[in-house]
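Raw target_37.txt, compact mmCIF, C-alpha atoms:
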```txt
# COMPACT_ATOMS: atom_id res chain seq x y z
CA MET A 1 98.78 99.75 127.26
CA ASN A 2 96.48 96.98 128.37
CA ASP A 3 94.05 98.63 130.80
CA TRP A 4 91.53 100.22 128.43
CA ASN A 5 89.04 101.07 131.15
CA ASP A 6 91.24 103.87 132.49
CA LEU A 7 90.95 105.61 129.12
CA LEU A 8 87.22 105.19 128.48
CA LEU A 9 84.35 107.48 129.42
CA PRO A 10 80.81 106.14 129.93
CA GLY A 11 79.31 104.92 126.66
CA GLU A 12 82.62 104.74 124.81
CA ARG A 13 84.17 101.61 123.36
CA VAL A 14 87.50 100.47 121.95
CA ASP A 15 87.39 99.22 118.36
CA ASP A 16 90.18 97.01 117.05
CA LEU A 17 91.15 98.16 113.56
CA GLN A 18 92.60 94.70 112.88
CA PHE A 19 95.49 96.52 111.25
CA MET A 20 98.99 96.77 112.75
CA ASN A 21 97.56 96.21 116.27
CA LEU A 22 95.96 99.65 116.21
CA ARG A 23 92.83 100.52 118.20
CA ILE A 24 90.53 103.52 118.33
CA ILE A 25 88.18 104.91 120.97
CA GLN A 26 84.74 105.72 119.60
CA SER A 27 81.41 106.85 120.98
CA PRO A 28 78.09 105.72 119.50
CA ASP A 29 76.76 109.24 120.11
CA ALA A 30 79.47 110.95 118.05
CA PHE A 31 80.70 110.77 114.46
CA ARG A 32 82.47 107.49 113.68
CA PHE A 33 84.84 106.86 110.82
CA GLY A 34 83.64 105.28 107.60
CA MET A 35 84.98 103.66 104.46
CA ASP A 36 85.90 107.06 103.07
CA ALA A 37 88.67 107.48 105.68
CA VAL A 38 90.15 104.09 104.75
CA LEU A 39 90.14 104.97 101.04
CA LEU A 40 91.67 108.40 101.64
CA ALA A 41 94.47 107.03 103.81
CA ASP A 42 95.33 104.51 101.10
CA PHE A 43 95.22 107.18 98.37
CA ALA A 44 97.48 109.59 100.29
CA LYS A 45 100.39 107.11 100.38
CA PRO A 46 102.58 108.72 103.06
CA ARG A 47 106.28 108.61 102.30
CA PRO A 48 108.98 107.57 104.78
CA HIS A 49 109.80 110.13 107.48
CA SER A 50 107.10 112.53 106.27
CA ARG A 51 105.76 115.23 108.54
CA VAL A 52 101.98 115.06 108.16
CA CYS A 53 99.08 117.26 109.27
CA ASP A 54 95.47 116.06 109.44
CA LEU A 55 92.98 118.94 109.35
CA GLY A 56 89.79 118.04 111.22
CA THR A 57 90.97 114.72 112.62
CA GLY A 58 87.71 113.80 114.41
CA THR A 59 88.31 110.37 115.92
CA GLY A 60 91.97 110.41 114.88
CA ILE A 61 91.42 107.64 112.34
CA LEU A 62 93.46 109.14 109.48
CA PRO A 63 96.70 109.56 111.49
CA LEU A 64 96.32 105.98 112.76
CA LEU A 65 95.81 104.55 109.28
CA LEU A 66 98.67 106.61 107.84
CA TYR A 67 100.97 105.46 110.64
CA GLY A 68 99.89 101.87 110.00
CA ARG A 69 101.02 102.24 106.40
CA GLU A 70 104.25 104.11 107.16
CA ASN A 71 105.44 104.00 110.76
CA THR A 72 108.25 106.53 110.27
CA ILE A 73 105.88 109.49 109.93
CA THR A 74 105.06 112.10 112.55
CA CYS A 75 101.67 113.79 112.53
CA ASP A 76 99.94 116.87 113.90
CA ALA A 77 96.17 116.37 114.05
CA VAL A 78 93.85 119.38 114.42
CA GLU A 79 90.29 119.11 115.75
CA ILE A 80 87.98 121.98 116.73
CA GLN A 81 85.53 119.92 118.81
CA PRO A 82 86.94 119.60 122.35
CA ASP A 83 85.26 116.26 123.08
CA ALA A 84 86.46 114.71 119.83
CA ALA A 85 89.99 116.08 120.25
CA GLU A 86 90.21 114.77 123.80
CA ARG A 87 88.96 111.36 122.66
CA ALA A 88 91.55 111.33 119.88
CA GLN A 89 94.27 112.17 122.43
CA ARG A 90 93.21 109.21 124.53
CA THR A 91 93.27 107.01 121.42
CA MET A 92 96.90 107.99 120.83
CA ARG A 93 97.74 107.15 124.44
CA LEU A 94 95.98 103.80 124.04
CA ASN A 95 98.27 103.00 121.11
CA GLY A 96 101.40 104.46 122.71
CA LEU A 97 101.61 107.05 119.91
CA GLU A 98 101.23 110.30 121.84
CA ARG A 99 104.81 111.28 120.92
CA VAL A 100 104.26 110.44 117.26
CA ILE A 101 100.75 111.86 116.70
CA THR A 102 100.04 115.16 118.46
CA VAL A 103 96.37 116.14 118.67
CA HIS A 104 95.70 119.88 118.83
CA PRO A 105 92.24 120.90 120.16
CA ARG A 106 92.23 123.99 117.97
CA ASP A 107 90.48 125.62 115.03
CA LEU A 108 92.17 124.80 111.72
CA ARG A 109 91.54 128.39 110.65
CA GLU A 110 94.11 129.40 113.28
CA THR A 111 96.92 127.07 112.20
CA ARG A 112 99.29 130.02 111.75
CA ALA A 113 99.17 130.54 115.50
CA PHE A 114 100.33 127.07 116.54
CA LEU A 115 101.87 125.18 113.60
CA PRO A 116 104.97 126.12 111.59
CA HIS A 117 104.83 127.57 108.09
CA ALA A 118 105.98 125.43 105.13
CA ALA A 119 107.06 122.59 107.43
CA PHE A 120 104.84 119.73 106.24
CA ASP A 121 105.33 117.14 103.50
CA LEU A 122 101.69 116.00 103.44
CA VAL A 123 98.42 117.55 104.57
CA ILE A 124 95.34 115.36 104.57
CA CYS A 125 91.69 116.19 105.15
CA ASN A 126 88.38 114.35 105.01
CA PRO A 127 86.30 117.55 105.12
CA PRO A 128 82.60 118.07 105.68
CA TYR A 129 80.90 116.93 102.50
CA SER A 130 78.10 119.51 102.35
CA PRO A 131 78.14 123.30 102.36
CA SER A 132 76.13 124.49 105.37
CA ALA A 133 73.30 125.81 103.20
CA ALA A 134 73.12 122.77 100.92
CA SER A 135 71.48 120.24 103.23
CA LEU A 136 69.24 119.91 106.24
CA PRO A 137 71.12 120.57 109.48
CA SER A 138 72.00 117.61 111.65
CA PRO A 139 70.31 117.58 115.07
CA SER A 140 73.69 116.83 116.69
CA ALA A 141 76.29 119.61 116.84
CA ALA A 142 79.10 117.05 116.58
CA LEU A 143 77.59 115.39 113.50
CA ARG A 144 76.81 118.78 111.98
CA THR A 145 80.48 119.81 112.28
CA ALA A 146 81.62 116.52 110.71
CA ARG A 147 79.13 116.51 107.84
CA GLN A 148 78.45 120.18 107.03
CA GLU A 149 80.61 123.28 106.68
CA SER A 150 79.30 124.80 109.89
CA GLU A 151 82.75 125.56 111.38
CA CYS A 152 84.87 126.11 108.27
CA THR A 153 84.62 126.23 104.48
CA LEU A 154 86.54 124.39 101.80
CA ASP A 155 88.49 127.59 101.21
CA ASP A 156 89.45 127.75 104.91
CA ILE A 157 90.80 124.19 104.64
CA CYS A 158 92.75 124.94 101.45
CA ALA A 159 94.18 128.12 102.97
CA ALA A 160 95.41 126.18 106.00
CA ALA A 161 96.95 123.48 103.79
CA ALA A 162 98.74 126.07 101.66
CA TRP A 163 100.21 127.67 104.79
CA LEU A 164 101.46 124.37 106.19
CA LEU A 165 102.98 122.81 103.07
CA HIS A 166 106.40 123.51 101.62
CA ASP A 167 106.76 123.92 97.86
CA ARG A 168 105.85 120.79 95.89
CA ALA A 169 104.41 119.12 98.99
CA ARG A 170 101.09 117.28 98.76
CA PHE A 171 97.53 117.88 99.92
CA SER A 172 95.13 114.90 99.81
CA LEU A 173 91.38 115.19 100.35
CA MET A 174 88.09 113.49 99.52
CA LEU A 175 84.85 115.15 98.42
CA PRO A 176 81.59 114.21 96.70
CA SER A 177 82.22 114.14 92.96
CA PRO A 178 79.57 116.86 92.25
CA ARG A 179 81.88 119.31 94.09
CA LEU A 180 84.86 118.70 91.81
CA THR A 181 84.57 121.98 89.90
CA GLU A 182 84.34 123.95 93.14
CA ALA A 183 87.23 121.98 94.62
CA PHE A 184 89.55 122.60 91.69
CA GLU A 185 88.72 126.32 91.62
CA THR A 186 89.30 126.65 95.37
CA LEU A 187 92.53 124.67 95.34
CA ARG A 188 94.01 126.69 92.49
CA SER A 189 93.05 129.98 94.16
CA ARG A 190 95.37 128.89 97.00
CA ARG A 191 98.24 127.84 94.66
CA LEU A 192 97.38 124.18 95.15
CA GLU A 193 97.47 122.54 91.74
CA PRO A 194 95.36 119.37 91.29
CA LYS A 195 97.75 116.63 90.18
CA ARG A 196 95.95 113.31 90.85
CA LEU A 197 92.27 112.42 90.67
CA ARG A 198 90.56 109.12 91.35
CA LEU A 199 86.79 108.67 91.25
CA VAL A 200 85.06 106.21 93.56
CA HIS A 201 82.06 104.21 92.28
CA ALA A 202 79.72 102.03 94.33
CA ASN A 203 79.82 99.62 91.37
CA ALA A 204 80.86 99.78 87.73
CA ALA A 205 77.33 100.55 86.54
CA ARG A 206 76.81 103.62 88.73
CA PRO A 207 78.15 107.17 88.41
CA ALA A 208 81.01 108.22 90.63
CA ARG A 209 79.94 109.29 94.09
CA LEU A 210 83.21 110.42 95.64
CA ALA A 211 86.46 111.93 94.38
CA LEU A 212 89.95 111.45 95.80
CA ILE A 213 92.11 114.48 94.99
CA GLU A 214 95.81 115.18 95.42
CA ALA A 215 97.11 118.71 94.89
CA MET A 216 100.64 120.10 95.17
CA LEU A 217 101.77 123.55 96.22
CA ASN A 218 103.37 125.85 93.65
CA VAL A 219 103.74 123.42 90.76
CA HIS A 220 102.88 123.55 87.07
CA PRO A 221 99.46 122.28 85.86
CA GLY A 222 99.05 118.69 84.78
CA LEU A 223 96.34 116.35 86.06
CA ASN A 224 96.71 112.57 86.15
CA ILE A 225 93.30 110.84 86.16
CA GLU A 226 93.74 107.39 87.67
CA PRO A 227 91.59 104.31 87.00
CA PRO A 228 88.29 104.35 88.90
CA LEU A 229 88.01 102.70 92.28
CA ILE A 230 85.07 100.27 92.27
CA VAL A 231 83.74 99.29 95.70
CA GLN A 232 81.42 96.39 94.83
CA ASN A 233 81.13 93.75 92.15
CA SER A 234 77.86 93.32 90.26
CA ASP A 235 76.75 90.68 92.78
CA GLY A 236 77.25 93.08 95.70
CA SER A 237 80.46 91.48 96.98
CA GLU A 238 83.54 93.59 97.73
CA THR A 239 85.99 93.99 94.86
CA GLU A 240 89.45 92.52 95.11
CA GLU A 241 90.97 96.01 95.21
CA LEU A 242 88.79 97.08 98.12
CA ARG A 243 89.82 93.98 100.04
CA SER A 244 93.48 94.74 99.33
CA ILE A 245 93.05 98.33 100.57
CA TYR A 246 91.60 97.07 103.83
CA HIS A 247 94.33 94.46 104.30
CA LEU A 248 92.16 92.94 107.04
CA PRO A 249 88.39 93.24 107.51
CA ILE A 250 88.04 96.59 109.33
CA GLN A 251 84.30 97.17 109.87
CA PRO A 252 83.56 100.89 109.21
CA SER A 253 80.32 102.80 109.38
CA PRO A 254 78.73 103.59 105.99
CA PRO A 255 80.19 106.59 104.13
CA ARG A 256 78.58 109.92 104.94
```
Would it be possible to restate this file's structure as structure tokens?
Amino acid sequence: MNDWNDLLLPGERVDDLQFMNLRIIQSPDAFRFGMDAVLLADFAKPRPHSRVCDLGTGTGILPLLLYGRENTITCDAVEIQPDAAERAQRTMRLNGLERVITVHPRDLRETRAFLPHAAFDLVICNPPYSPSAASLPSPSAALRTARQESECTLDDICAAAAWLLHDRARFSLMLPSPRLTEAFETLRSRRLEPKRLRLVHANAARPARLALIEAMLNVHPGLNIEPPLIVQNSDGSETEELRSIYHLPIQPSPPR
């Protein structure tokens, strides 16, 4: 589709991901994707012909990046905010992917009502990073929903993932590293066993800030801790691995 203007509302813009000819509609007044989404999509490693569900899709960035890495997938993307969901739907139309990536303007806590049980190979989520009581509220309702657990909790997300996945299927998510203990306890309470962990460091001299986690449904314990992901060299330049993850120079907003 070449005529972008028909798909844009006032104030919106089309950003070229410079990756597999994919584009995304974003609004400066709403939450925009950051480096964390790029890292999570790379970590999740979708397999050929997987059925995927993205819980809290926001702009729709994760389904796009997953499709760019494996174009045989199909994806259901759930988003509670009507404006964001509608924008994500228009993004899929812009890319001609509306039959591949279906955006549901629904509450992820109600997935049992509109998505099939045990039908998904991969569930992915870049959840709000802060419990609602742990930080100052954002003045914007849209940003508050993206950054803080104002609409759902980590347990709500894990419960939805456990409902959607078949046995031994995978759930990938990203959280601040200080929440690792809580994350592991919550995952295991929903029969989601942590199997892979990778910590993300701004540079090699700083403590980990983020954690990439993969859990599997109804499997035996056994955690594989992968080498750390370092974002910057000591001189502030991007590491070779970060450049390889990006493939081409996508320009994200800073991580939340």
- Query: Which residues come within 12 Å of Ala162 (chain A), counting only C-alpha atoms, excluding same-chain residues fewer than 6 positions away, as a PyMOL selection string?
  - Reply: chain A and resi 53+55+109+111-112+116-124+155-156+168-172+186-193+215-218
Residues just named, written with C-alpha atoms as a PDB file, in the coordinates of the input:
```
ATOM      1  CA  CYS A  53      99.080 117.260 109.270  1.00  0.00           C
ATOM      2  CA  LEU A  55      92.980 118.940 109.350  1.00  0.00           C
ATOM      3  CA  ARG A 109      91.540 128.390 110.650  1.00  0.00           C
ATOM      4  CA  THR A 111      96.920 127.070 112.200  1.00  0.00           C
ATOM      5  CA  ARG A 112      99.290 130.020 111.750  1.00  0.00           C
ATOM      6  CA  PRO A 116     104.970 126.120 111.590  1.00  0.00           C
ATOM      7  CA  HIS A 117     104.830 127.570 108.090  1.00  0.00           C
ATOM      8  CA  ALA A 118     105.980 125.430 105.130  1.00  0.00           C
ATOM      9  CA  ALA A 119     107.060 122.590 107.430  1.00  0.00           C
ATOM     10  CA  PHE A 120     104.840 119.730 106.240  1.00  0.00           C
ATOM     11  CA  ASP A 121     105.330 117.140 103.500  1.00  0.00           C
ATOM     12  CA  LEU A 122     101.690 116.000 103.440  1.00  0.00           C
ATOM     13  CA  VAL A 123      98.420 117.550 104.570  1.00  0.00           C
ATOM     14  CA  ILE A 124      95.340 115.360 104.570  1.00  0.00           C
ATOM     15  CA  ASP A 155      88.490 127.590 101.210  1.00  0.00           C
ATOM     16  CA  ASP A 156      89.450 127.750 104.910  1.00  0.00           C
ATOM     17  CA  ARG A 168     105.850 120.790  95.890  1.00  0.00           C
ATOM     18  CA  ALA A 169     104.410 119.120  98.990  1.00  0.00           C
ATOM     19  CA  ARG A 170     101.090 117.280  98.760  1.00  0.00           C
ATOM     20  CA  PHE A 171      97.530 117.880  99.920  1.00  0.00           C
ATOM     21  CA  SER A 172      95.130 114.900  99.810  1.00  0.00           C
ATOM     22  CA  THR A 186      89.300 126.650  95.370  1.00  0.00           C
ATOM     23  CA  LEU A 187      92.530 124.670  95.340  1.00  0.00           C
ATOM     24  CA  ARG A 188      94.010 126.690  92.490  1.00  0.00           C
ATOM     25  CA  SER A 189      93.050 129.980  94.160  1.00  0.00           C
ATOM     26  CA  ARG A 190      95.370 128.890  97.000  1.00  0.00           C
ATOM     27  CA  ARG A 191      98.240 127.840  94.660  1.00  0.00           C
ATOM     28  CA  LEU A 192      97.380 124.180  95.150  1.00  0.00           C
ATOM     29  CA  GLU A 193      97.470 122.540  91.740  1.00  0.00           C
ATOM     30  CA  ALA A 215      97.110 118.710  94.890  1.00  0.00           C
ATOM     31  CA  MET A 216     100.640 120.100  95.170  1.00  0.00           C
ATOM     32  CA  LEU A 217     101.770 123.550  96.220  1.00  0.00           C
ATOM     33  CA  ASN A 218     103.370 125.850  93.650  1.00  0.00           C
TER      34      ASN A 218
END
```
- Item | Polymer residues at most 10 Å from (91.4, 110.0, 124.1) by all atoms listed in the file, as a list in words |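 Residues found, by chain and rising number: Leu7, Leu8, Leu9, Ile24, Ile25, Gln26, Thr59, Gly60, Asp83, Ala84, Ala85, Glu86, Arg87, Ala88, Gln89, Arg90, Thr91, Met92, Arg93, Leu94 and Val103 of chain A.
Distances to Ala161 (chain A) were evaluated for A:Ile230, A:Cys125, A:Glu240, A:Arg47 using all atoms listed in the file, and the minimum falls at A:Cys125.
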- One decimal, Å: what's the distance from CA of Ala204 (chain A) over to CA of Gln18 (chain A), could you say?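 Separation between CA of Ala204 (chain A) and CA of Gln18 (chain A): 28.2 Å.
In this structure, CA of Pro178 (chain A) sits 22.6 Å away from CA of Leu242 (chain A).
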- Task: Considering only C-alpha atoms, return as a list in words whatever protein or nucleic-acid residues lie within 7 Å of Ala211 (chain A), sequence-local ones (same chain, fewer than 6 positions apart) excluded.
- Result: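 Once the adjacent positions are removed, what remains is Met174, Leu175, Pro176, Ser177, Leu197, Arg198, Leu199 and Val200 of chain A.
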- Query: Using only C-alpha atoms, which residue out of A:Leu39, A:Asn224, A:Ala205, A:Asp15 lies closest to Glu241 (chain A)?
  - Reply: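 Closest candidate: A:Leu39.
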